[in-house]
Amino acid sequence: MATIRDVARLANVSVATVSNALNSSDRVSPELLARVRAAVEKLSYTPHAGARSLRKRSSGLLGLVVGDITNPFFSDLFEAVEDAAAANGYLVLLCNSSERTEREEAHLKMLRTQRIDGLILAPTGAASMNRAALLAQLEVPVVLVDRAMDGLGYDAVVLDNRKAGFEATSHLIGCGHRRIGLINGPEIVRTAADRMQGYREALLSSGLPFDPALVRDALFQERPAYDSLAELMALPQPPTAIFATNNLMTIGVVTALADRGLSCPEDISLVGIDDQPWADAVLPRLTVIAQPVRAMGETAFTLLAERIGGTRLGPGTTTVLAPRLVMRRSCGSPASLKAAHV
């Protein structure tokens with residue numbers, strides 16, 4: 001592999017001249033620049049990325065750690081961040097924690113060795129001293145996305161998850177439902193806790209009791225949601241409606257209902273979160289709470305770029321984006337109300 005000294009020798013110039021030609025061509029005469037470029041091409045010389053980052057104090061790399069890459073929400077988030085990064089000359093290293101704290105911490109350690117310029121993190125689990133220490137050791141700007149964490153002082157971009165839970169539950173209450181099952185993620189995850197809070201507030205505002213028997217933690221995953229639906233329908237008084245708080249769990253619920261010969265909204269109503277293309281393609285078309293995922297990714301990148309560039313100073317702030325209820329065909333009156341009107 002050719003070195004910068006090989007290029008300098010062939011072009012008959014100093015190593016410093018080669019470096020200037022490669023990094024600041026306006027500092028080198030046209031004649032010397034042509035000689036250096038000819039030598040680079042003949043030797044197929046490629047500058048060492050690590051050495052360049054040391055000289056420039058910049059690698060051009062950003063880290064993005066997401067909770068579960070099989071979740072289309074995080075795939076869309078990555079696409080939004082990568083598009084914004086590419087338009088500004090950055091590459092993105094994508095890491096998947098699979099909602100496991102130990103894997104997230106391993107990724108943070110790895111990213112430190114890559115000399116990233118900044119990090120966008122969708123943290124898994126609750127805040128911890130170990131995570132805080134690992135983030136501090138990166139010595140780069142950090143922006144949290146999808147999930148804020150108190151006490152770290154970083155910028156964050158999140159959905160108004162309390163409002164999302166409130167609107168979904170209120171919509172089902174407005175359809176006449178009084179027993180609404182909640183298939184949620186673990187409450188140590190901020191998004192799940194906030195969506196649970198919105199669910200409870202909607203019940204309270206309508207004078208309905210909170211029944212913990214109607215709540216299941218399905219880990220934000222498809223199979224546990226499938227099993228949770230079976231548990232809820234086996235109750236002496238099963239729910240007449242379900243609110244599933246992410247798209248993977250919504251898929252699990254839809255599959256479980258189909259396997260039991262139940263249909264929406266004739267037998268049970270359903271509201272999910274995330275407006276994926278399939279939500280408008282299945283029958284019935286699903287009522288969902290849509291998240292502005294592209295805006296979340298673009299905003300997170302903008303905040304990070306401003307921190308990297310030094311144009312954004314001071315303590316971190318939290319940007320809260322609004323959810324949107326998309327009404328389709330998966331919600332209707334409870335079967336008991338329909339029977340009463342026959």
# chains A, B, ... in the order shown; residues from 1 in each chain; ligands from 1
>>> residues_around(residues="A:Ile289", least_positions_apart="6", cutoff="9 Å", atoms="only C-alpha atoms", output="list in words")
Ala164, Gly165, Glu167, Ala168, Thr245, Val271, Gly272, Ile273, Asp274, Asp275, Pro323, Arg324, Leu325, Val326 and Met327 of chain A
>>> select_by_dssp(residues="stretch 80-275 of chain A", states="helix (DSSP H, G or I)", output="PyMOL selection string")
chain A and resi 80-87+101-113+129-138+161-174+190-205+212-214+222-233+247-259
>>> closest_atom_pairs(of="stretch 36-122 of chain A", to="stretch 189-207 of chain A", cutoff="12 Å", atoms="only C-alpha atoms", output="tab-separated table")
residue	atom	partner	partner_atom	distance
A:Gly67	CA	A:Val189	CA	10.5
A:Glu99	CA	A:Val189	CA	9.6
A:Arg100	CA	A:Val189	CA	11.5
A:Thr101	CA	A:Val189	CA	11.4
A:Ala122	CA	A:Val189	CA	10.3
>>> write_last_selection(atoms="N, CA, C and O atoms", output="PDB file, in the first residue's frame")
ATOM      1  N   GLY A  67     -32.960   1.403  19.311  1.00  0.00           N
ATOM      2  CA  GLY A  67     -33.410   0.349  20.205  1.00  0.00           C
ATOM      3  C   GLY A  67     -33.648  -0.993  19.540  1.00  0.00           C
ATOM      4  O   GLY A  67     -33.353  -2.034  20.118  1.00  0.00           O
ATOM      5  N   GLU A  99     -32.729  -3.363  22.406  1.00  0.00           N
ATOM      6  CA  GLU A  99     -33.353  -3.034  23.692  1.00  0.00           C
ATOM      7  C   GLU A  99     -32.627  -3.698  24.867  1.00  0.00           C
ATOM      8  O   GLU A  99     -33.240  -3.992  25.899  1.00  0.00           O
ATOM      9  N   ARG A 100     -31.315  -3.909  24.715  1.00  0.00           N
ATOM     10  CA  ARG A 100     -30.522  -4.525  25.784  1.00  0.00           C
ATOM     11  C   ARG A 100     -29.443  -3.544  26.224  1.00  0.00           C
ATOM     12  O   ARG A 100     -28.626  -3.088  25.428  1.00  0.00           O
ATOM     13  N   THR A 101     -29.444  -3.236  27.524  1.00  0.00           N
ATOM     14  CA  THR A 101     -28.520  -2.245  28.066  1.00  0.00           C
ATOM     15  C   THR A 101     -27.071  -2.642  27.828  1.00  0.00           C
ATOM     16  O   THR A 101     -26.238  -1.799  27.453  1.00  0.00           O
ATOM     17  N   ALA A 122     -30.972   6.612  20.895  1.00  0.00           N
ATOM     18  CA  ALA A 122     -32.302   6.264  21.417  1.00  0.00           C
ATOM     19  C   ALA A 122     -32.052   5.298  22.565  1.00  0.00           C
ATOM     20  O   ALA A 122     -31.896   4.092  22.355  1.00  0.00           O
TER      21      ALA A 122
END
>>> atom_distance(atom1="atom CA of A:Pro265", atom2="atom CA of A:Ile242")
10.7 Å
>>> atom_distance(atom1="atom CA of A:Glu266", atom2="atom CA of A:Ile180")
15.2 Å
>>> atom_distance(atom1="atom CA of A:Leu93", atom2="atom CA of A:Val143")
14.8 Å
>>> closest_atom_pairs(of="stretch 102-138 of chain A", to="stretch 76-87 of chain A", cutoff="12 Å", atoms="only C-alpha atoms", output="tab-separated table")
residue	atom	partner	partner_atom	distance
A:Asp117	CA	A:Ala85	CA	11.7
A:Gly118	CA	A:Ala85	CA	11.2
A:Leu119	CA	A:Val81	CA	11.1
A:Ile120	CA	A:Val81	CA	8.9
A:Leu121	CA	A:Phe78	CA	11.0
A:Ala122	CA	A:Leu77	CA	10.2
>>> closest_residue(among="A:Thr302, A:Ser19, A:Ser58, A:Ser75", to="A:Val36", atoms="only C-alpha atoms")
A:Ser19
>>> residues_around(residues="A:Gln114", least_positions_apart="4", cutoff="10 Å", atoms="only C-alpha atoms", output="PyMOL selection string")
chain A and resi 50+53+59+61-63+93+109-110+138
>>> write_last_selection(atoms="N, CA and C atoms", output="mmCIF file, in the first residue's frame")
data_model
loop_
_atom_site.group_PDB
_atom_site.id
_atom_site.type_symbol
_atom_site.label_atom_id
_atom_site.label_comp_id
_atom_site.auth_asym_id
_atom_site.auth_seq_id
_atom_site.Cartn_x
_atom_site.Cartn_y
_atom_site.Cartn_z
ATOM 1 N N GLY A 50 -7.844 7.419 9.710
ATOM 2 C CA GLY A 50 -7.557 7.718 11.102
ATOM 3 C C GLY A 50 -6.574 8.860 11.244
ATOM 4 N N SER A 53 -8.279 12.137 10.493
ATOM 5 C CA SER A 53 -9.144 12.613 11.559
ATOM 6 C C SER A 53 -8.330 13.218 12.695
ATOM 7 N N SER A 59 -13.617 13.221 12.059
ATOM 8 C CA SER A 59 -13.624 11.987 11.283
ATOM 9 C C SER A 59 -14.681 11.998 10.196
ATOM 10 N N LEU A 61 -17.635 11.175 10.838
ATOM 11 C CA LEU A 61 -18.506 10.064 11.209
ATOM 12 C C LEU A 61 -19.425 10.458 12.356
ATOM 13 N N LEU A 62 -20.660 10.013 12.278
ATOM 14 C CA LEU A 62 -21.620 10.170 13.374
ATOM 15 C C LEU A 62 -22.086 8.788 13.803
ATOM 16 N N GLY A 63 -22.381 8.643 15.076
ATOM 17 C CA GLY A 63 -22.943 7.398 15.568
ATOM 18 C C GLY A 63 -24.445 7.531 15.757
ATOM 19 N N LEU A 93 -22.674 5.703 11.376
ATOM 20 C CA LEU A 93 -22.471 4.336 11.839
ATOM 21 C C LEU A 93 -23.704 3.919 12.638
ATOM 22 N N LYS A 109 -18.842 1.891 23.731
ATOM 23 C CA LYS A 109 -17.398 1.672 23.844
ATOM 24 C C LYS A 109 -16.750 1.569 22.467
ATOM 25 N N MET A 110 -17.419 0.868 21.551
ATOM 26 C CA MET A 110 -16.884 0.733 20.197
ATOM 27 C C MET A 110 -16.830 2.072 19.487
ATOM 28 N N LEU A 138 -17.018 9.673 25.556
ATOM 29 C CA LEU A 138 -16.986 9.915 24.112
ATOM 30 C C LEU A 138 -16.419 11.287 23.800
#
>>> residues_around(residues="stretch 235-240 of chain A", least_positions_apart="6", cutoff="12 Å", atoms="only C-alpha atoms", output="PyMOL selection string")
chain A and resi 172-173+175-183+211+213-215+228-229+262-271+331-337
>>> closest_residue(among="A:Ile4, A:Val282, A:Leu32, A:Val158", to="A:Tyr45", atoms="only C-alpha atoms")
A:Ile4
>>> residues_around(residues="A:Glu306", least_positions_apart="5", cutoff="12 Å", atoms="only C-alpha atoms", output="list in words")
Asn88, Asp117, Gly118, Pro141, Val142, Val143, Asp155, Thr299, Ala300, Phe301, Thr311, Arg312, Leu313, Gly314 and Gly316 of chain A
>>> closest_residue(among="A:Leu33, A:Leu43, A:Leu152, A:Val15", to="A:Ala2", atoms="only C-alpha atoms")
A:Leu43
>>> select_by_dssp(residues="stretch 249-298 of chain A", states="strand (DSSP E)", output="PDB file with N, CA and C atoms, in the first residue's frame")
ATOM      1  N   SER A 269     -62.111  -3.440  18.779  1.00  0.00           N
ATOM      2  CA  SER A 269     -61.509  -2.286  18.122  1.00  0.00           C
ATOM      3  C   SER A 269     -60.018  -2.221  18.441  1.00  0.00           C
ATOM      4  N   LEU A 270     -59.262  -1.551  17.563  1.00  0.00           N
ATOM      5  CA  LEU A 270     -57.811  -1.513  17.724  1.00  0.00           C
ATOM      6  C   LEU A 270     -57.259  -0.171  17.281  1.00  0.00           C
ATOM      7  N   VAL A 271     -56.385   0.397  18.118  1.00  0.00           N
ATOM      8  CA  VAL A 271     -55.593   1.575  17.752  1.00  0.00           C
ATOM      9  C   VAL A 271     -54.126   1.232  17.981  1.00  0.00           C
ATOM     10  N   GLY A 272     -53.283   1.557  17.011  1.00  0.00           N
ATOM     11  CA  GLY A 272     -51.841   1.331  17.146  1.00  0.00           C
ATOM     12  C   GLY A 272     -51.081   2.642  17.118  1.00  0.00           C
ATOM     13  N   ILE A 273     -49.774   2.542  17.211  1.00  0.00           N
ATOM     14  CA  ILE A 273     -48.903   3.708  17.068  1.00  0.00           C
ATOM     15  C   ILE A 273     -47.933   3.447  15.932  1.00  0.00           C
ATOM     16  N   THR A 287     -56.608   2.299  12.389  1.00  0.00           N
ATOM     17  CA  THR A 287     -56.524   3.610  13.042  1.00  0.00           C
ATOM     18  C   THR A 287     -55.241   3.629  13.871  1.00  0.00           C
ATOM     19  N   VAL A 288     -54.450   4.691  13.711  1.00  0.00           N
ATOM     20  CA  VAL A 288     -53.150   4.748  14.380  1.00  0.00           C
ATOM     21  C   VAL A 288     -52.868   6.163  14.869  1.00  0.00           C
ATOM     22  N   ILE A 289     -51.903   6.238  15.765  1.00  0.00           N
ATOM     23  CA  ILE A 289     -51.284   7.508  16.124  1.00  0.00           C
ATOM     24  C   ILE A 289     -50.000   7.622  15.315  1.00  0.00           C
ATOM     25  N   ALA A 290     -49.942   8.609  14.436  1.00  0.00           N
ATOM     26  CA  ALA A 290     -48.766   8.784  13.582  1.00  0.00           C
ATOM     27  C   ALA A 290     -47.704   9.614  14.295  1.00  0.00           C
TER      28      ALA A 290
END
